[in-house]
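Text of the file input_35.cif, holding mmCIF, N, CA and C atoms:
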data_work
#
loop_
_atom_site.label_atom_id
_atom_site.label_comp_id
_atom_site.auth_asym_id
_atom_site.auth_seq_id
_atom_site.Cartn_x
_atom_site.Cartn_y
_atom_site.Cartn_z
N MET A 1 50.56 93.79 5.55
CA MET A 1 49.92 94.90 6.22
C MET A 1 50.77 96.14 5.99
N GLU A 2 50.13 97.17 5.58
CA GLU A 2 50.80 98.45 5.35
C GLU A 2 51.37 99.00 6.66
N ALA A 3 52.48 99.77 6.58
CA ALA A 3 53.16 100.26 7.78
C ALA A 3 52.24 101.10 8.66
N ARG A 4 51.49 102.00 8.04
CA ARG A 4 50.61 102.87 8.83
C ARG A 4 49.50 102.06 9.49
N ASN A 5 48.94 101.11 8.76
CA ASN A 5 47.91 100.26 9.33
C ASN A 5 48.45 99.42 10.48
N ALA A 6 49.68 98.95 10.36
CA ALA A 6 50.29 98.16 11.43
C ALA A 6 50.46 99.00 12.69
N VAL A 7 50.87 100.24 12.53
CA VAL A 7 51.06 101.12 13.68
C VAL A 7 49.72 101.41 14.35
N GLU A 8 48.71 101.71 13.56
CA GLU A 8 47.39 101.99 14.12
C GLU A 8 46.80 100.75 14.80
N PHE A 9 47.00 99.60 14.17
CA PHE A 9 46.49 98.36 14.74
C PHE A 9 47.21 98.04 16.06
N ALA A 10 48.52 98.20 16.08
CA ALA A 10 49.29 97.96 17.31
C ALA A 10 48.88 98.93 18.41
N ASP A 11 48.62 100.15 18.05
CA ASP A 11 48.17 101.13 19.04
C ASP A 11 46.82 100.73 19.63
N ARG A 12 45.93 100.26 18.78
CA ARG A 12 44.61 99.81 19.25
C ARG A 12 44.75 98.59 20.17
N ILE A 13 45.63 97.67 19.83
CA ILE A 13 45.86 96.49 20.67
C ILE A 13 46.45 96.90 22.01
N ALA A 14 47.40 97.82 22.00
CA ALA A 14 48.03 98.27 23.25
C ALA A 14 47.01 98.94 24.16
N ARG A 15 46.12 99.73 23.59
CA ARG A 15 45.08 100.37 24.39
C ARG A 15 44.10 99.35 24.97
N ARG A 16 43.77 98.35 24.17
CA ARG A 16 42.88 97.30 24.66
C ARG A 16 43.56 96.46 25.74
N ARG A 17 44.87 96.29 25.61
CA ARG A 17 45.61 95.53 26.62
C ARG A 17 45.52 96.22 27.98
N VAL A 18 45.60 97.54 27.99
CA VAL A 18 45.49 98.28 29.25
C VAL A 18 44.12 98.03 29.88
N ILE A 19 43.07 98.15 29.10
CA ILE A 19 41.71 97.96 29.61
C ILE A 19 41.51 96.52 30.04
N GLY A 20 41.97 95.57 29.23
CA GLY A 20 41.81 94.15 29.56
C GLY A 20 42.57 93.74 30.80
N THR A 21 43.79 94.24 30.94
CA THR A 21 44.60 93.92 32.11
C THR A 21 43.96 94.48 33.37
N THR A 22 43.49 95.71 33.29
CA THR A 22 42.83 96.33 34.44
C THR A 22 41.56 95.57 34.81
N ALA A 23 40.74 95.25 33.82
CA ALA A 23 39.49 94.54 34.08
C ALA A 23 39.75 93.15 34.66
N ALA A 24 40.71 92.44 34.13
CA ALA A 24 41.03 91.10 34.63
C ALA A 24 41.54 91.16 36.07
N THR A 25 42.33 92.17 36.38
CA THR A 25 42.86 92.30 37.73
C THR A 25 41.77 92.68 38.72
N VAL A 26 40.90 93.59 38.33
CA VAL A 26 39.79 93.98 39.21
C VAL A 26 38.87 92.77 39.44
N ALA A 27 38.60 92.00 38.41
CA ALA A 27 37.78 90.79 38.57
C ALA A 27 38.46 89.79 39.49
N PHE A 28 39.76 89.62 39.34
CA PHE A 28 40.54 88.72 40.20
C PHE A 28 40.42 89.15 41.66
N LEU A 29 40.59 90.44 41.92
CA LEU A 29 40.50 90.95 43.28
C LEU A 29 39.08 90.82 43.83
N ALA A 30 38.09 91.06 42.99
CA ALA A 30 36.70 90.94 43.44
C ALA A 30 36.39 89.50 43.86
N VAL A 31 36.86 88.55 43.09
CA VAL A 31 36.65 87.14 43.44
C VAL A 31 37.35 86.83 44.76
N GLN A 32 38.54 87.38 44.96
CA GLN A 32 39.27 87.12 46.20
C GLN A 32 38.53 87.72 47.40
N LEU A 33 37.94 88.89 47.22
CA LEU A 33 37.19 89.51 48.32
C LEU A 33 35.92 88.73 48.66
N VAL A 34 35.28 88.19 47.64
CA VAL A 34 34.03 87.48 47.85
C VAL A 34 34.27 86.04 48.31
N ALA A 35 35.15 85.34 47.63
CA ALA A 35 35.31 83.91 47.89
C ALA A 35 36.40 83.57 48.89
N ARG A 36 37.47 84.35 48.91
CA ARG A 36 38.66 84.04 49.73
C ARG A 36 38.88 82.54 49.79
N PRO A 37 39.29 81.94 48.70
CA PRO A 37 39.32 80.48 48.59
C PRO A 37 40.23 79.77 49.60
N VAL A 38 41.25 80.41 50.10
CA VAL A 38 42.18 79.74 51.00
C VAL A 38 41.69 79.77 52.44
N PHE A 39 41.00 80.81 52.83
CA PHE A 39 40.59 81.00 54.22
C PHE A 39 39.16 80.52 54.50
N ARG A 40 38.79 79.42 53.91
CA ARG A 40 37.45 78.88 54.14
C ARG A 40 37.54 77.63 54.98
N SER A 41 36.57 77.44 55.84
CA SER A 41 36.56 76.26 56.70
C SER A 41 35.55 75.21 56.25
N ASP A 42 34.87 75.47 55.14
CA ASP A 42 33.82 74.55 54.68
C ASP A 42 34.34 73.50 53.69
N GLY A 43 35.63 73.39 53.53
CA GLY A 43 36.19 72.40 52.62
C GLY A 43 36.27 72.85 51.18
N TYR A 44 35.85 74.06 50.90
CA TYR A 44 35.86 74.58 49.53
C TYR A 44 37.28 74.58 48.95
N ALA A 45 38.24 75.04 49.72
CA ALA A 45 39.61 75.18 49.23
C ALA A 45 40.28 73.84 49.01
N ALA A 46 39.86 72.82 49.70
CA ALA A 46 40.50 71.52 49.59
C ALA A 46 39.78 70.58 48.63
N SER A 47 38.80 71.07 47.91
CA SER A 47 37.99 70.19 47.08
C SER A 47 38.44 70.19 45.63
N GLY A 48 39.07 69.14 45.21
CA GLY A 48 39.42 68.88 43.83
C GLY A 48 40.02 70.05 43.07
N PRO A 49 39.52 70.28 41.85
CA PRO A 49 40.09 71.33 41.00
C PRO A 49 39.95 72.74 41.58
N ARG A 50 38.96 72.93 42.41
CA ARG A 50 38.77 74.26 43.01
C ARG A 50 40.00 74.71 43.80
N SER A 51 40.70 73.76 44.37
CA SER A 51 41.85 74.10 45.20
C SER A 51 42.99 74.69 44.37
N TYR A 52 42.95 74.48 43.07
CA TYR A 52 44.03 75.00 42.21
C TYR A 52 43.61 76.19 41.36
N MET A 53 42.36 76.56 41.39
CA MET A 53 41.87 77.62 40.50
C MET A 53 42.50 78.99 40.82
N TRP A 54 42.67 79.30 42.09
CA TRP A 54 43.29 80.58 42.44
C TRP A 54 44.71 80.64 41.88
N ALA A 55 45.50 79.58 42.10
CA ALA A 55 46.88 79.56 41.62
C ALA A 55 46.93 79.63 40.09
N LEU A 56 46.05 78.91 39.43
CA LEU A 56 46.00 78.95 37.97
C LEU A 56 45.64 80.35 37.48
N ASN A 57 44.66 80.96 38.11
CA ASN A 57 44.23 82.30 37.74
C ASN A 57 45.37 83.31 37.94
N ALA A 58 46.04 83.24 39.08
CA ALA A 58 47.15 84.16 39.34
C ALA A 58 48.28 83.93 38.33
N GLY A 59 48.58 82.69 38.03
CA GLY A 59 49.63 82.39 37.06
C GLY A 59 49.32 82.91 35.67
N VAL A 60 48.09 82.72 35.23
CA VAL A 60 47.69 83.22 33.91
C VAL A 60 47.74 84.75 33.87
N LEU A 61 47.30 85.38 34.94
CA LEU A 61 47.37 86.84 34.99
C LEU A 61 48.81 87.33 34.94
N LEU A 62 49.71 86.64 35.60
CA LEU A 62 51.11 87.05 35.58
C LEU A 62 51.72 86.91 34.19
N LEU A 63 51.18 86.01 33.38
CA LEU A 63 51.66 85.88 32.00
C LEU A 63 51.41 87.15 31.19
N LEU A 64 50.45 87.96 31.63
CA LEU A 64 50.18 89.22 30.92
C LEU A 64 51.36 90.19 30.98
N LEU A 65 52.25 89.98 31.94
CA LEU A 65 53.41 90.86 32.07
C LEU A 65 54.54 90.48 31.11
N LEU A 66 54.46 89.30 30.53
CA LEU A 66 55.51 88.86 29.62
C LEU A 66 55.26 89.40 28.21
N PRO A 67 56.31 89.76 27.50
CA PRO A 67 56.14 90.26 26.13
C PRO A 67 56.01 89.12 25.12
N ILE A 68 55.08 88.21 25.37
CA ILE A 68 54.93 87.05 24.51
C ILE A 68 53.67 87.11 23.64
N GLY A 69 52.86 88.12 23.84
CA GLY A 69 51.61 88.20 23.10
C GLY A 69 51.78 88.76 21.71
N GLY A 70 50.81 88.56 20.88
CA GLY A 70 50.79 89.16 19.56
C GLY A 70 51.29 88.29 18.44
N TYR A 71 51.51 87.01 18.66
CA TYR A 71 51.99 86.15 17.59
C TYR A 71 50.94 85.96 16.51
N VAL A 72 49.71 86.18 16.84
CA VAL A 72 48.62 86.03 15.87
C VAL A 72 48.69 87.14 14.81
N TRP A 73 49.14 88.33 15.21
CA TRP A 73 49.10 89.48 14.32
C TRP A 73 50.37 89.70 13.52
N GLY A 74 51.37 88.90 13.72
CA GLY A 74 52.59 89.02 12.95
C GLY A 74 53.70 89.76 13.69
N ARG A 75 54.88 89.64 13.11
CA ARG A 75 56.08 90.17 13.76
C ARG A 75 56.05 91.68 13.92
N ARG A 76 55.66 92.40 12.89
CA ARG A 76 55.68 93.86 12.94
C ARG A 76 54.77 94.41 14.04
N VAL A 77 53.56 93.89 14.11
CA VAL A 77 52.61 94.35 15.13
C VAL A 77 53.09 93.93 16.52
N ARG A 78 53.60 92.71 16.64
CA ARG A 78 54.11 92.24 17.94
C ARG A 78 55.25 93.12 18.44
N GLU A 79 56.15 93.52 17.55
CA GLU A 79 57.26 94.39 17.94
C GLU A 79 56.76 95.77 18.35
N LEU A 80 55.73 96.26 17.69
CA LEU A 80 55.19 97.57 18.05
C LEU A 80 54.45 97.53 19.39
N VAL A 81 53.72 96.45 19.64
CA VAL A 81 52.96 96.35 20.89
C VAL A 81 53.91 96.13 22.07
N ASN A 82 54.91 95.28 21.87
CA ASN A 82 55.86 94.96 22.93
C ASN A 82 57.16 95.73 22.73
N ASP A 83 57.06 97.02 22.60
CA ASP A 83 58.24 97.85 22.36
C ASP A 83 59.06 98.02 23.64
N GLU A 84 60.12 98.79 23.55
CA GLU A 84 61.01 98.99 24.70
C GLU A 84 60.28 99.65 25.87
N VAL A 85 59.40 100.57 25.60
CA VAL A 85 58.65 101.23 26.67
C VAL A 85 57.77 100.22 27.40
N SER A 86 57.09 99.37 26.66
CA SER A 86 56.24 98.35 27.26
C SER A 86 57.06 97.37 28.09
N ARG A 87 58.20 96.95 27.57
CA ARG A 87 59.06 96.03 28.33
C ARG A 87 59.60 96.70 29.60
N ARG A 88 59.94 97.98 29.50
CA ARG A 88 60.41 98.71 30.69
C ARG A 88 59.29 98.84 31.72
N ASN A 89 58.08 99.12 31.25
CA ASN A 89 56.93 99.21 32.17
C ASN A 89 56.69 97.87 32.86
N SER A 90 56.82 96.79 32.13
CA SER A 90 56.65 95.46 32.71
C SER A 90 57.72 95.19 33.77
N ARG A 91 58.95 95.53 33.46
CA ARG A 91 60.04 95.33 34.43
C ARG A 91 59.83 96.18 35.68
N THR A 92 59.41 97.42 35.51
CA THR A 92 59.16 98.29 36.65
C THR A 92 58.04 97.74 37.53
N ALA A 93 56.95 97.31 36.91
CA ALA A 93 55.82 96.75 37.67
C ALA A 93 56.23 95.46 38.37
N THR A 94 57.02 94.64 37.72
CA THR A 94 57.47 93.39 38.31
C THR A 94 58.41 93.64 39.49
N ALA A 95 59.29 94.61 39.36
CA ALA A 95 60.20 94.95 40.45
C ALA A 95 59.42 95.47 41.66
N GLY A 96 58.44 96.30 41.42
CA GLY A 96 57.61 96.80 42.52
C GLY A 96 56.86 95.68 43.21
N ALA A 97 56.34 94.75 42.41
CA ALA A 97 55.61 93.61 42.98
C ALA A 97 56.54 92.70 43.78
N PHE A 98 57.77 92.56 43.31
CA PHE A 98 58.75 91.77 44.06
C PHE A 98 58.96 92.35 45.45
N TRP A 99 59.15 93.66 45.52
CA TRP A 99 59.38 94.28 46.82
C TRP A 99 58.14 94.20 47.70
N LEU A 100 56.97 94.35 47.12
CA LEU A 100 55.74 94.18 47.90
C LEU A 100 55.65 92.76 48.44
N ALA A 101 55.99 91.77 47.62
CA ALA A 101 55.94 90.37 48.06
C ALA A 101 56.94 90.13 49.18
N MET A 102 58.13 90.71 49.07
CA MET A 102 59.13 90.51 50.12
C MET A 102 58.70 91.15 51.45
N ILE A 103 58.16 92.34 51.37
CA ILE A 103 57.69 93.02 52.59
C ILE A 103 56.53 92.25 53.22
N THR A 104 55.62 91.77 52.39
CA THR A 104 54.49 90.99 52.89
C THR A 104 54.96 89.69 53.53
N ALA A 105 55.89 89.00 52.88
CA ALA A 105 56.41 87.74 53.43
C ALA A 105 57.12 87.97 54.76
N LEU A 106 57.90 89.03 54.84
CA LEU A 106 58.58 89.34 56.10
C LEU A 106 57.58 89.70 57.20
N ALA A 107 56.54 90.43 56.85
CA ALA A 107 55.50 90.78 57.82
C ALA A 107 54.79 89.53 58.32
N ILE A 108 54.51 88.60 57.44
CA ILE A 108 53.86 87.36 57.84
C ILE A 108 54.77 86.57 58.79
N TYR A 109 56.05 86.58 58.52
CA TYR A 109 57.00 85.87 59.37
C TYR A 109 57.15 86.51 60.75
N VAL A 110 57.17 87.84 60.78
CA VAL A 110 57.48 88.57 62.01
C VAL A 110 56.26 88.75 62.91
N LEU A 111 55.12 89.04 62.34
CA LEU A 111 53.94 89.36 63.17
C LEU A 111 53.44 88.12 63.91
N PRO A 112 53.29 88.22 65.20
CA PRO A 112 52.88 87.05 65.98
C PRO A 112 51.44 86.61 65.72
N THR A 113 50.59 87.51 65.28
CA THR A 113 49.18 87.14 65.06
C THR A 113 49.00 86.24 63.85
N VAL A 114 49.96 86.19 62.97
CA VAL A 114 49.81 85.37 61.77
C VAL A 114 50.74 84.16 61.78
N ARG A 115 51.31 83.85 62.92
CA ARG A 115 52.24 82.72 62.99
C ARG A 115 51.56 81.37 62.83
N ASP A 116 50.28 81.30 63.06
CA ASP A 116 49.61 80.00 62.99
C ASP A 116 48.85 79.80 61.67
N ILE A 117 49.26 80.47 60.61
CA ILE A 117 48.62 80.24 59.31
C ILE A 117 49.40 79.16 58.55
N SER A 118 48.71 78.51 57.64
CA SER A 118 49.35 77.45 56.86
C SER A 118 50.22 78.03 55.75
N ALA A 119 51.02 77.19 55.16
CA ALA A 119 51.87 77.63 54.05
C ALA A 119 51.00 78.08 52.87
N ARG A 120 49.92 77.39 52.63
CA ARG A 120 49.01 77.77 51.55
C ARG A 120 48.41 79.15 51.78
N GLU A 121 48.03 79.43 53.01
CA GLU A 121 47.49 80.75 53.35
C GLU A 121 48.56 81.84 53.23
N ALA A 122 49.76 81.52 53.65
CA ALA A 122 50.86 82.49 53.54
C ALA A 122 51.16 82.80 52.07
N ALA A 123 51.19 81.76 51.24
CA ALA A 123 51.43 81.98 49.81
C ALA A 123 50.34 82.85 49.21
N TYR A 124 49.11 82.59 49.61
CA TYR A 124 47.98 83.39 49.14
C TYR A 124 48.14 84.86 49.53
N LEU A 125 48.54 85.09 50.78
CA LEU A 125 48.71 86.46 51.28
C LEU A 125 49.87 87.19 50.61
N VAL A 126 50.84 86.45 50.10
CA VAL A 126 51.97 87.07 49.40
C VAL A 126 51.66 87.27 47.92
N VAL A 127 51.14 86.24 47.28
CA VAL A 127 50.97 86.26 45.82
C VAL A 127 49.81 87.15 45.37
N THR A 128 48.70 87.13 46.09
CA THR A 128 47.54 87.90 45.64
C THR A 128 47.81 89.40 45.54
N PRO A 129 48.31 90.06 46.60
CA PRO A 129 48.57 91.50 46.45
C PRO A 129 49.71 91.80 45.48
N ALA A 130 50.71 90.94 45.43
CA ALA A 130 51.83 91.18 44.51
C ALA A 130 51.37 91.08 43.06
N THR A 131 50.54 90.10 42.76
CA THR A 131 50.01 89.96 41.41
C THR A 131 49.16 91.16 41.03
N ALA A 132 48.26 91.54 41.90
CA ALA A 132 47.40 92.69 41.62
C ALA A 132 48.23 93.97 41.46
N PHE A 133 49.20 94.15 42.33
CA PHE A 133 50.05 95.34 42.26
C PHE A 133 50.80 95.39 40.93
N ALA A 134 51.40 94.26 40.54
CA ALA A 134 52.17 94.22 39.30
C ALA A 134 51.28 94.55 38.10
N LEU A 135 50.11 93.95 38.03
CA LEU A 135 49.25 94.16 36.87
C LEU A 135 48.66 95.56 36.83
N LEU A 136 48.24 96.06 37.98
CA LEU A 136 47.67 97.41 37.99
C LEU A 136 48.74 98.47 37.74
N THR A 137 49.95 98.25 38.24
CA THR A 137 51.04 99.18 37.97
C THR A 137 51.40 99.15 36.50
N PHE A 138 51.48 97.96 35.92
CA PHE A 138 51.77 97.84 34.48
C PHE A 138 50.70 98.55 33.65
N ALA A 139 49.44 98.32 33.99
CA ALA A 139 48.36 98.96 33.24
C ALA A 139 48.43 100.48 33.38
N TRP A 140 48.73 100.96 34.57
CA TRP A 140 48.84 102.41 34.78
C TRP A 140 50.01 102.99 34.00
N LEU A 141 51.16 102.33 34.04
CA LEU A 141 52.33 102.82 33.30
C LEU A 141 52.08 102.80 31.79
N GLU A 142 51.44 101.74 31.31
CA GLU A 142 51.12 101.66 29.89
C GLU A 142 50.12 102.75 29.50
N SER A 143 49.13 102.95 30.33
CA SER A 143 48.13 103.99 30.06
C SER A 143 48.81 105.37 29.99
N ARG A 144 49.70 105.62 30.92
CA ARG A 144 50.42 106.89 30.93
C ARG A 144 51.30 107.03 29.69
N ALA A 145 51.95 105.96 29.29
CA ALA A 145 52.80 106.00 28.10
C ALA A 145 51.97 106.23 26.83
N LEU A 146 50.82 105.59 26.76
CA LEU A 146 49.96 105.78 25.59
C LEU A 146 49.38 107.18 25.55
N ARG A 147 49.09 107.73 26.70
CA ARG A 147 48.57 109.10 26.77
C ARG A 147 49.63 110.11 26.37
N ASP A 148 50.87 109.89 26.83
CA ASP A 148 51.97 110.82 26.52
C ASP A 148 52.45 110.64 25.08
N GLY A 149 52.25 109.44 24.56
CA GLY A 149 52.67 108.95 23.32
C GLY A 149 53.10 109.66 22.19
#

Full structure transcribed into structure tokens:
Amino acid sequence: MEARNAVEFADRIARRRVIGTTAATVAFLAVQLVARPVFRSDGYAASGPRSYMWALNAGVLLLLLLPIGGYVWGRRVRELVNDEVSRRNSRTATAGAFWLAMITALAIYVLPTVRDISAREAAYLVVTPATAFALLTFAWLESRALRDG
């Protein structure tokens, strides 16, 4: 692949990554608002594979923050897509999500109204907003970097 074509291709992939990450996160949040899989009393959350789908979905979404993508397109394109700016944006988004998770966990522990929730519900209340925050922050930082580019 010619150098100029590699740069243009990497730029196109980076722009699509921003749109894809945002769309996947919005879809994840929409499903959580509609289904709320952990806070159901009809047995939905405890039924077979369904009980693990939220955790699997959150885990796969969090993989989007790792600079592991792009092996299909070769080393040059992968290095351009996952450059230092992208890695810094990922670290910044992850650090922000960490602090959000810590504040949420402490609030769950301290507030008396939520003392009677299960561990599964507490994990859901910590992981869901932290995952969404990390991905949306990463997408916003990447979008800003591509715009300033």

So that each row is one residue of stretch 100-136 of chain A with an atom at most 7 Å from stretch 6-30 of chain A, can you give its shortest atom pair and the distance in Å to one decimal, using only N, CA and C atoms, rows by chain and rising number, as JSON lines?
{"residue": "A:Ala132", "atom": "CA", "partner": "A:Thr25", "partner_atom": "CA", "distance": 6.0}
{"residue": "A:Leu135", "atom": "C", "partner": "A:Thr21", "partner_atom": "C", "distance": 5.9}
{"residue": "A:Leu136", "atom": "CA", "partner": "A:Thr22", "partner_atom": "CA", "distance": 6.1}

inquiry  = Under the rule that all atoms listed in the file are counted, which of A:Ser90, A:Asn5, A:Thr113, A:Thr128 is the nearest residue to A:Ala58?
reply    =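 For A:Ala58, the nearest of the candidates is A:Thr128.
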
Running DSSP on the backbone, which parts of stretch 77-122 of chain A land in alpha helix (DSSP H), as a PyMOL selection string? chain A and resi 77-81+84-110+119-122

The distance between atom N of A:Leu33 and atom C of A:Pro67 is 28.5 Å

* Fewer than 4 positions away in the same chain doesn't count, so skip those; otherwise give me all residues within 12 Å of A:Arg88, counting only C-alpha atoms, as a list in words. =>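 Here the qualifying residues turn out to be Leu65, Leu66, Pro67, Asn82, Asp83, Glu84, Thr92, Ala93, Thr94, Ala95, Thr137, Phe138, Leu141, Glu142 and Ala145 of chain A.
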
As a check of understanding: the span from atom C of A:Arg36 to atom C of A:Pro129 is 14.9 Å

Separating atom C of A:Ser86 from atom C of A:Val126, to the nearest tenth of an Å, is a gap of 22.9 Å
